[in-house]
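The structure appears right after this line, and notes come after that.
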Amino acid sequence: MLVGPGVVIVDNDEPLLSGSGIVSKDVTDENLLDSWHGVLKRWHQNLRQRPRQVRSLVRKGIPEPLRDEVWQLLAGCTESPQLLEAYRTLIPQVSINSSHLQHITL
C-alpha cells in the first residue's frame, strides 16, 4: 500500500523479529539523553540541516521518550504534510497492534 511519496507499507512480509519486543521506557544513560536534548534543540532551530552528531547518537540508541520526535525529524515529516499525516495515522495502529508489527519501508 502506497501511503505517500516514498512511503510504502508492505502487508505480506514475514514479521521482523528484533529482541524480545519489550521496550523499556526507563532511560539508563542520562548522558545520552542530555546529548539528544542538545542535538534536538539545535535541529529544531534549523530543520533543513541535520546536526552532525545525529548519526553517532542514532548508533548509540534513541531513548524511548524521544523516539517519536526523532523519527519524525529523520523521516522529514516537517517538510512533507503527507508524511506527517501518514505518521499520525500509522502510530495509533502500531501502538494497538505492536505485537503484530510487520514491516514498514520508508
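Just so we're on the same page: first chain in the C-alpha cells is A, next is B, and so on; residues restart at 1 for each chain, and ligands are numbered from 1 in the order they show up.
Within 9 Å of segment 38-50 of chain A there are A:Glu69, A:Val70, A:Leu73, A:Leu74, A:Gly76, A:Thr78, A:Glu79, counting only C-alpha atoms and ignoring same-chain residues fewer than 6 positions away.
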Could the residues in this selection be written to a file with N, CA and C atoms, as a short mmCIF file (atom, residue, chain, number, x, y, z; two decimals), in the first residue's frame?
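Once written, selection.cif looks like this:
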```cif
data_model
loop_
_atom_site.label_atom_id
_atom_site.label_comp_id
_atom_site.auth_asym_id
_atom_site.auth_seq_id
_atom_site.Cartn_x
_atom_site.Cartn_y
_atom_site.Cartn_z
N GLU A 69 9.69 11.98 18.36
CA GLU A 69 10.22 13.24 17.82
C GLU A 69 11.37 12.99 16.85
N VAL A 70 12.30 12.11 17.21
CA VAL A 70 13.48 11.85 16.37
C VAL A 70 13.06 11.21 15.06
N LEU A 73 11.63 13.70 12.65
CA LEU A 73 12.68 14.54 12.07
C LEU A 73 13.50 13.76 11.04
N LEU A 74 13.86 12.51 11.36
CA LEU A 74 14.64 11.70 10.42
C LEU A 74 13.87 11.43 9.13
N GLY A 76 11.72 13.38 7.81
CA GLY A 76 11.44 14.62 7.08
C GLY A 76 9.98 15.02 7.15
N THR A 78 8.57 17.19 8.86
CA THR A 78 8.37 18.63 8.97
C THR A 78 8.30 19.30 7.61
N GLU A 79 8.83 18.61 6.58
CA GLU A 79 8.83 19.18 5.23
C GLU A 79 7.74 18.60 4.33
#
```
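The neighbours of Ile62 of chain A here are the residues that come within 12 Å of it, using only C-alpha atoms and leaving out any residue fewer than 5 positions away in the same chain; they are Val23, Ser24, Lys25, Val27, Thr28, Asp29, Glu30, Leu32, Leu33, Asp34, Ser35, Trp36, His37, Val39, Leu40, Val54, Arg55, Ser56, Leu57, Arg67, Asp68, Glu69, Val70, Trp71 and Leu74 of chain A.
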